[in-house]
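Shown next: query_34.csv, given as CSV, C-alpha atoms and all ligand atoms.
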chain,number,residue,atom,x,y,z
R,87,MET,CA,-49.1,134.8,24.5
R,88,ILE,CA,-52.6,134.8,25.6
R,89,LYS,CA,-55.4,136.4,23.5
R,90,ASP,CA,-58.7,137.5,24.9
R,91,GLY,CA,-58.1,135.3,28.0
R,92,ARG,CA,-57.7,132.2,25.9
R,93,ASP,CA,-54.5,130.1,26.2
R,94,ILE,CA,-52.6,129.6,23.1
R,95,GLY,CA,-52.5,126.2,21.4
R,96,ARG,CA,-49.3,124.5,20.5
R,97,THR,CA,-48.3,121.4,18.7
R,98,GLN,CA,-44.9,120.1,17.7
R,99,PHE,CA,-43.7,117.7,15.0
R,100,HIS,CA,-40.5,116.8,13.2
R,101,CYS,CA,-40.3,117.3,9.4
R,102,GLU,CA,-37.4,116.4,7.2
R,103,LYS,CA,-35.6,119.6,8.0
R,104,GLY,CA,-36.0,119.5,11.7
R,105,PRO,CA,-38.3,120.3,14.6
R,106,ILE,CA,-41.3,122.6,14.1
R,107,VAL,CA,-43.5,124.2,16.7
R,108,ILE,CA,-47.0,125.4,15.5
R,109,GLU,CA,-48.5,127.9,17.9
R,110,GLY,CA,-51.2,130.5,18.2
R,111,PRO,CA,-52.9,132.8,18.6
R,112,VAL,CA,-49.7,134.7,19.4
R,113,THR,CA,-49.2,138.3,20.2
R,114,GLY,CA,-47.3,141.0,18.3
R,115,GLU,CA,-44.9,141.3,21.2
R,116,TYR,CA,-44.1,137.6,21.0
R,117,VAL,CA,-43.6,137.8,17.2
R,118,SER,CA,-41.3,140.8,17.6
R,119,GLY,CA,-38.9,138.8,19.7
R,120,LEU,CA,-38.5,136.1,17.1
R,121,GLU,CA,-36.5,135.9,13.9
R,122,PHE,CA,-38.5,136.0,10.6
R,123,ASP,CA,-37.4,133.9,7.6
R,124,GLU,CA,-36.4,136.4,4.9
R,125,ARG,CA,-38.0,134.2,2.2
R,126,LEU,CA,-41.4,134.9,3.7
R,127,ASN,CA,-41.9,137.5,1.0
R,128,ASN,CA,-44.8,136.2,-1.1
R,129,PHE,CA,-47.1,139.2,-0.2
R,130,ARG,CA,-44.5,141.9,0.6
R,131,VAL,CA,-40.9,142.0,1.7
R,132,ALA,CA,-40.3,140.0,4.8
R,133,ARG,CA,-39.5,142.9,7.1
R,134,LYS,CA,-42.8,144.6,6.3
R,135,GLN,CA,-44.7,141.3,6.4
R,136,LYS,CA,-43.4,140.8,10.0
R,137,ASP,CA,-44.7,144.3,10.9
R,138,CYS,CA,-48.1,143.5,9.3
R,139,LEU,CA,-48.3,140.2,11.2
R,140,CYS,CA,-47.7,142.0,14.5
R,141,GLU,CA,-50.5,144.5,13.7
R,142,ILE,CA,-52.9,141.7,12.9
R,143,ALA,CA,-51.9,139.8,16.0
R,144,ASP,CA,-52.6,142.8,18.2
R,145,SER,CA,-55.9,143.9,16.5
R,146,PRO,CA,-59.1,143.1,18.4
R,147,ASP,CA,-60.3,140.4,16.1
R,148,GLY,CA,-57.0,139.4,14.6
R,149,LEU,CA,-55.6,135.9,15.1
R,150,LEU,CA,-52.1,134.9,14.1
R,151,TYR,CA,-50.7,131.3,14.1
R,152,ILE,CA,-47.1,130.7,13.4
R,153,ALA,CA,-44.8,127.8,12.5
R,154,ARG,CA,-41.4,128.2,14.2
R,155,HIS,CA,-38.1,126.4,13.7
R,156,PHE,CA,-36.3,127.1,17.0
R,157,ASN,CA,-36.3,130.9,17.1
R,158,THR,CA,-37.3,131.6,13.5
R,159,ILE,CA,-40.8,132.0,12.1
R,160,ILE,CA,-41.0,129.9,8.9
R,161,GLY,CA,-44.7,130.1,8.2
R,162,TYR,CA,-47.9,131.7,9.4
R,163,VAL,CA,-51.6,132.0,8.9
R,164,THR,CA,-53.7,135.1,9.6
R,165,PHE,CA,-57.3,135.8,10.4
R,166,HIS,CA,-58.9,139.2,10.7
R,167,ASP,CA,-62.1,141.2,10.2
R,168,PRO,CA,-63.1,141.7,6.6
R,169,ASP,CA,-61.8,144.8,4.8
R,170,PRO,CA,-64.3,147.6,5.5
R,171,LEU,CA,-64.4,148.4,1.8
R,172,THR,CA,-65.8,144.9,0.9
R,173,ARG,CA,-69.4,143.6,1.2
R,174,TRP,CA,-68.2,141.0,3.7
R,175,VAL,CA,-67.9,143.6,6.4
R,176,LYS,CA,-71.7,143.7,6.6
R,177,HIS,CA,-71.8,140.3,8.2
R,178,PRO,CA,-71.1,140.3,12.0
R,179,LYS,CA,-69.9,136.7,12.1
R,180,ILE,CA,-67.4,136.7,9.2
R,181,LEU,CA,-63.7,136.2,9.9
R,182,GLU,CA,-61.4,136.4,6.9
R,183,LEU,CA,-58.5,133.9,6.6
R,184,GLY,CA,-56.2,136.6,5.1
R,185,ALA,CA,-53.1,134.7,4.2
R,186,VAL,CA,-51.2,131.5,4.7
R,187,GLU,CA,-47.5,131.3,3.8
R,188,VAL,CA,-44.7,128.9,4.3
R,189,SER,CA,-41.1,129.8,3.4
R,190,PRO,CA,-40.1,128.1,0.1
R,191,SER,CA,-37.4,125.9,1.6
R,192,TRP,CA,-40.0,124.5,4.1
R,193,ARG,CA,-42.9,123.8,1.8
R,194,GLY,CA,-44.4,120.4,1.0
R,195,GLN,CA,-44.0,119.1,4.6
R,196,LYS,CA,-47.5,119.6,5.8
R,197,ILE,CA,-46.6,122.8,7.7
R,198,ALA,CA,-49.6,124.7,6.3
R,199,ARG,CA,-51.9,121.8,7.1
R,200,HIS,CA,-50.7,121.7,10.7
R,201,MET,CA,-51.1,125.4,11.1
R,202,LEU,CA,-54.7,125.3,9.8
R,203,ARG,CA,-55.5,122.3,11.9
R,204,LEU,CA,-54.4,124.1,15.1
R,205,ALA,CA,-56.2,127.4,14.1
R,206,PHE,CA,-59.5,125.7,13.5
R,207,ALA,CA,-59.3,123.8,16.8
R,208,ASN,CA,-59.8,127.2,18.4
R,209,PRO,CA,-63.3,127.2,19.9
R,210,LEU,CA,-63.9,130.7,18.6
R,211,MET,CA,-64.1,129.2,15.1
R,212,ARG,CA,-67.4,127.4,16.1
R,213,GLU,CA,-69.1,130.8,16.2
R,214,ARG,CA,-67.7,132.3,13.0
R,215,ILE,CA,-68.0,132.0,9.3
R,216,VAL,CA,-64.5,131.9,8.0
R,217,ILE,CA,-64.0,132.9,4.4
R,218,THR,CA,-60.9,133.1,2.2
R,219,MET,CA,-60.8,134.9,-1.0
R,220,GLU,CA,-58.2,133.2,-3.2
R,221,TYR,CA,-57.0,135.6,-5.9
R,222,CYS,CA,-54.7,133.9,-8.4
R,223,TRP,CA,-52.4,137.0,-8.7
R,224,HIS,CA,-51.2,136.2,-5.1
R,225,TRP,CA,-50.1,132.7,-5.9
R,226,ASP,CA,-46.5,131.7,-6.1
R,227,LEU,CA,-46.8,129.6,-9.2
R,228,GLU,CA,-43.1,129.8,-10.0
R,229,GLY,CA,-41.9,129.0,-6.5
R,230,CYS,CA,-44.2,126.0,-6.3
R,231,GLY,CA,-43.5,124.8,-9.8
R,232,MET,CA,-47.2,124.5,-10.6
R,233,ASN,CA,-49.6,125.8,-13.2
R,234,LEU,CA,-52.6,127.9,-12.3
R,235,TRP,CA,-55.1,125.1,-12.1
R,236,ASN,CA,-52.9,122.7,-10.2
R,237,TYR,CA,-52.2,125.5,-7.7
R,238,GLN,CA,-55.9,126.2,-7.3
R,239,LYS,CA,-56.4,122.5,-6.7
R,240,MET,CA,-53.6,122.4,-4.2
R,241,LEU,CA,-55.1,125.4,-2.3
R,242,THR,CA,-58.7,124.1,-2.3
R,243,SER,CA,-57.5,120.8,-1.0
R,244,LEU,CA,-55.4,122.5,1.6
R,245,PHE,CA,-58.3,124.7,2.8
R,246,GLY,CA,-60.6,121.8,2.4
R,247,SER,CA,-58.6,119.8,4.9
R,248,ALA,CA,-59.6,122.5,7.4
R,249,GLY,CA,-63.3,122.3,6.5
R,250,LEU,CA,-63.6,125.2,4.1
R,251,MET,CA,-65.6,124.6,0.9
R,252,LYS,CA,-65.8,126.4,-2.4
R,253,VAL,CA,-68.8,128.7,-2.5
R,254,SER,CA,-70.2,130.8,-5.3
R,255,THR,CA,-70.5,134.5,-5.3
R,256,ASN,CA,-71.0,137.4,-7.6
R,257,ASP,CA,-68.3,139.5,-5.9
R,258,PRO,CA,-66.5,141.1,-8.8
R,259,GLU,CA,-63.1,140.6,-7.2
R,260,ILE,CA,-63.7,136.8,-7.3
R,261,THR,CA,-65.4,136.7,-10.7
R,262,GLU,CA,-62.6,138.9,-12.2
R,263,HIS,CA,-60.6,135.7,-13.0
R,264,PRO,CA,-62.0,132.2,-13.5
R,265,ALA,CA,-59.2,130.7,-11.2
R,266,ASN,CA,-60.2,132.9,-8.3
R,267,VAL,CA,-62.1,131.1,-5.6
R,268,LEU,CA,-64.2,132.0,-2.5
R,269,MET,CA,-64.1,129.3,0.2
R,270,ALA,CA,-66.0,129.3,3.4
R,271,ARG,CA,-66.4,127.3,6.6
R,272,ILE,CA,-69.5,127.8,8.7
R,273,GLY,CA,-68.9,127.2,12.4
R,274,GLU,CA,-71.0,124.6,14.2
R,275,ASP,CA,-72.6,127.2,16.4
R,276,VAL,CA,-73.5,129.8,13.7
R,277,SER,CA,-77.3,130.4,13.6
R,278,GLN,CA,-79.5,129.8,10.5
R,279,GLU,CA,-80.2,133.5,10.5
R,280,MET,CA,-76.5,134.3,10.1
R,281,ILE,CA,-76.1,131.6,7.4
R,282,ASP,CA,-79.0,133.2,5.5
R,283,LEU,CA,-77.4,136.6,5.7
R,284,PHE,CA,-74.2,135.1,4.4
R,285,ASP,CA,-76.0,133.6,1.4
R,286,MET,CA,-77.7,137.0,0.7
R,287,ILE,CA,-74.4,138.9,0.9
R,288,ARG,CA,-72.7,136.4,-1.5
R,289,PHE,CA,-75.1,137.5,-4.2
R,290,GLU,CA,-76.0,141.0,-3.3
R,291,SER,CA,-76.2,143.5,-6.2
R,292,GLU,CA,-73.5,146.1,-6.6
R,293,SER,CA,-75.9,148.9,-5.7
R,294,CYS,CA,-76.4,147.5,-2.1
G,1,LIG,C1,-49.8,127.4,-0.2
G,1,LIG,C2,-48.6,127.1,0.8
G,1,LIG,C3,-48.9,127.9,2.1
G,1,LIG,C4,-48.6,125.6,1.2
G,1,LIG,O1,-47.7,125.4,2.2
G,1,LIG,P1,-47.1,123.9,2.5
G,1,LIG,O2,-46.6,123.9,3.9
G,1,LIG,O3,-46.1,123.6,1.4
G,1,LIG,O4,-48.4,123.0,2.3
G,1,LIG,P2,-48.5,121.5,2.9
G,1,LIG,O5,-47.2,120.8,2.9
G,1,LIG,O6,-49.3,121.5,4.1
G,1,LIG,O7,-49.3,120.8,1.7
G,1,LIG,C5,-50.7,121.1,1.5
G,1,LIG,C6,-51.1,120.3,0.3
G,1,LIG,O8,-50.5,120.9,-0.9
G,1,LIG,C7,-49.8,119.9,-1.6
G,1,LIG,N1,-48.6,120.6,-2.2
G,1,LIG,C8,-47.8,121.5,-1.5
G,1,LIG,N2,-46.8,121.9,-2.3
G,1,LIG,C9,-47.0,121.2,-3.5
G,1,LIG,C10,-46.2,121.2,-4.7
G,1,LIG,N3,-45.2,122.0,-4.9
G,1,LIG,N4,-46.7,120.4,-5.7
G,1,LIG,C11,-47.8,119.6,-5.5
G,1,LIG,N5,-48.5,119.6,-4.4
G,1,LIG,C12,-48.1,120.4,-3.4
G,1,LIG,C13,-49.4,118.9,-0.6
G,1,LIG,O9,-49.1,117.6,-1.2
G,1,LIG,C14,-50.6,118.9,0.3
G,1,LIG,O10,-51.6,118.1,-0.2
G,1,LIG,P3,-52.0,116.6,0.4
G,1,LIG,O11,-52.0,116.9,1.9
G,1,LIG,O12,-53.2,116.3,-0.2
G,1,LIG,O13,-50.8,115.8,0.0
G,1,LIG,C15,-47.2,127.5,0.3
G,1,LIG,O14,-47.1,126.9,-1.0
G,1,LIG,C16,-47.0,129.0,0.1
G,1,LIG,O15,-46.6,129.6,1.0
G,1,LIG,N6,-47.4,129.5,-1.1
G,1,LIG,C17,-47.2,131.0,-1.3
G,1,LIG,C18,-48.3,131.8,-0.6
G,1,LIG,C19,-49.7,131.3,-1.1
G,1,LIG,O16,-49.9,131.0,-2.3
G,1,LIG,N7,-50.7,131.3,-0.1
G,1,LIG,C20,-52.0,130.9,-0.4
G,1,LIG,C21,-52.8,132.1,-0.8
G,1,LIG,S1,-53.2,133.1,0.7
Representation of the structure as structure tokens:
Amino acid sequence: MIKDGRDIGRTQFHCEKGPIVIEGPVTGEYVSGLEFDERLNNFRVARKQKDCLCEIADSPDGLLYIARHFNTIIGYVTFHDPDPLTRWVKHPKILELGAVEVSPSWRGQKIARHMLRLAFANPLMRERIVITMEYCWHWDLEGCGMNLWNYQKMLTSLFGSAGLMKVSTNDPEITEHPANVLMARIGEDVSQEMIDLFDMIRFESESC
């Protein structure tokens, strides 16, 4: 469970439903040996999602943090290099927070917050600009019993607790819907040159 020579971080706490371990970055091999809550299916069916998580965990720049109840994964957060088809790939310091999900029966107990806190305690985050592209068509409005705007508020507050802030962009995938948001956290050790490049990429013209 070591990634790039770094020890994994681990915290434990008790929520209403029992003990939870938050840990990461974990390897695909470690995840393969755990059960996966079948309600972790917001993005794709649970079985496929588990395979995707293993791939991310084992990719060179991928980071996977999990929330575990005994032997079962009940939540996760992923980080990976930006999609090569997007503008963000042109920036050498950008890491994308790809997804955060907590199984419906475990939500509202600060599990997502704890996972983000542990992930952002990784010293690697100091050197990176972490972005998350929040597309409203991925949101589980029904499962959370929230309307679009309350859901957006919940997510921006959740990511805000980890130091991400809303930033503007002309990326058409974000501007496609007014509820979509781009959020970013600039690590303490990121140079001004890299910050300027990020600002430029946020507003680059389509022809670039
Ligand atoms: C978004 C998600 C990961 C949050 O997980 P969670 O473990 O329930 O979140 P937390 O318990 O840490 O709560 C985070 C904040 O959201 C609020 N919140 C969570 N669920 C809520 C609900 N149903 N109604 C109102 N507020 C809610 C919490 O009060 C908390 O805010 P606070 O700390 O200011 O009180 C979870 O709802 C989920 O898996 N959704 C589906 C996938 C998704 O939309 N992912 C985000 C896009 S990648």
Subject >> Nearby residues, ligand LIG 1 (chain G), 7 Å, only C-alpha atoms and all ligand atoms, as a ChimeraX atom specification >> reply: /R:128,184-190,192-200,220,224-226,230-232,240-241,243-244
**OP:** Up to 12 Å from (-60.2, 126.9, 8.0) in the file's coordinates: name the residues, counting all atoms listed in the file, as a ChimeraX atom specification.
**Re:** /R:163-165,181-186,198-208,210-212,214-218,241-252,269-273
**OP:** Using only C-alpha atoms, determine which residues lie at most 6 Å from Ala153 in chain R, disregarding the query and same-chain residues fewer than 4 positions distant; provide the list as a ChimeraX atom specification.
**Re:** /R:107-108,159-162
Subject >> Test item: which residues lie within 12 Å of (-64.0, 120.9, -11.2) counting only C-alpha atoms, as a ChimeraX atom specification >> reply: /R:235-236,238-239,242,252,264-265,267
**OP:** Could you tell me which of R:Phe284, R:Phe289, R:Phe156, R:Phe129 comes closest to Trp223 in chain R if we count only C-alpha atoms?
**Re:**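 Selected residue with least distance to Trp223 in chain R: R:Phe129.
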**OP:** Tell me, in Å to one decimal, how far CA of Thr97 in chain R is from CA of Cys140 in chain R.
**Re:**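 If I compute the distance from CA of Thr97 in chain R to CA of Cys140 in chain R, I get 21.0 Å.
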Original post:
Mind pulling up the distance from CA of Arg96 in chain R to CA of Val117 in chain R?
Top reply: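 Interatomic distance, CA of Val117 in chain R to CA of Arg96 in chain R: 14.8 Å.
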Subject >> Shortest interatomic distance to His263 in chain R - which of R:Leu234, R:Asn127, R:Glu115, R:Asn157, counting all atoms listed in the file >> reply: R:Leu234
Original post:
Between CA of Glu109 in chain R and CA of Ile152 in chain R, what is the distance, to one decimal in Å?
Top reply: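 Straight-line distance from CA of Glu109 in chain R to CA of Ile152 in chain R works out to 5.5 Å.
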Original post:
Nearest to Asp123 in chain R among R:Ile142, R:Ile180, R:His166, R:Ser191, with distances taken over only C-alpha atoms: which residue is it?
Top reply: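 Using only C-alpha atoms, the shortest distance to Asp123 in chain R belongs to R:Ser191.
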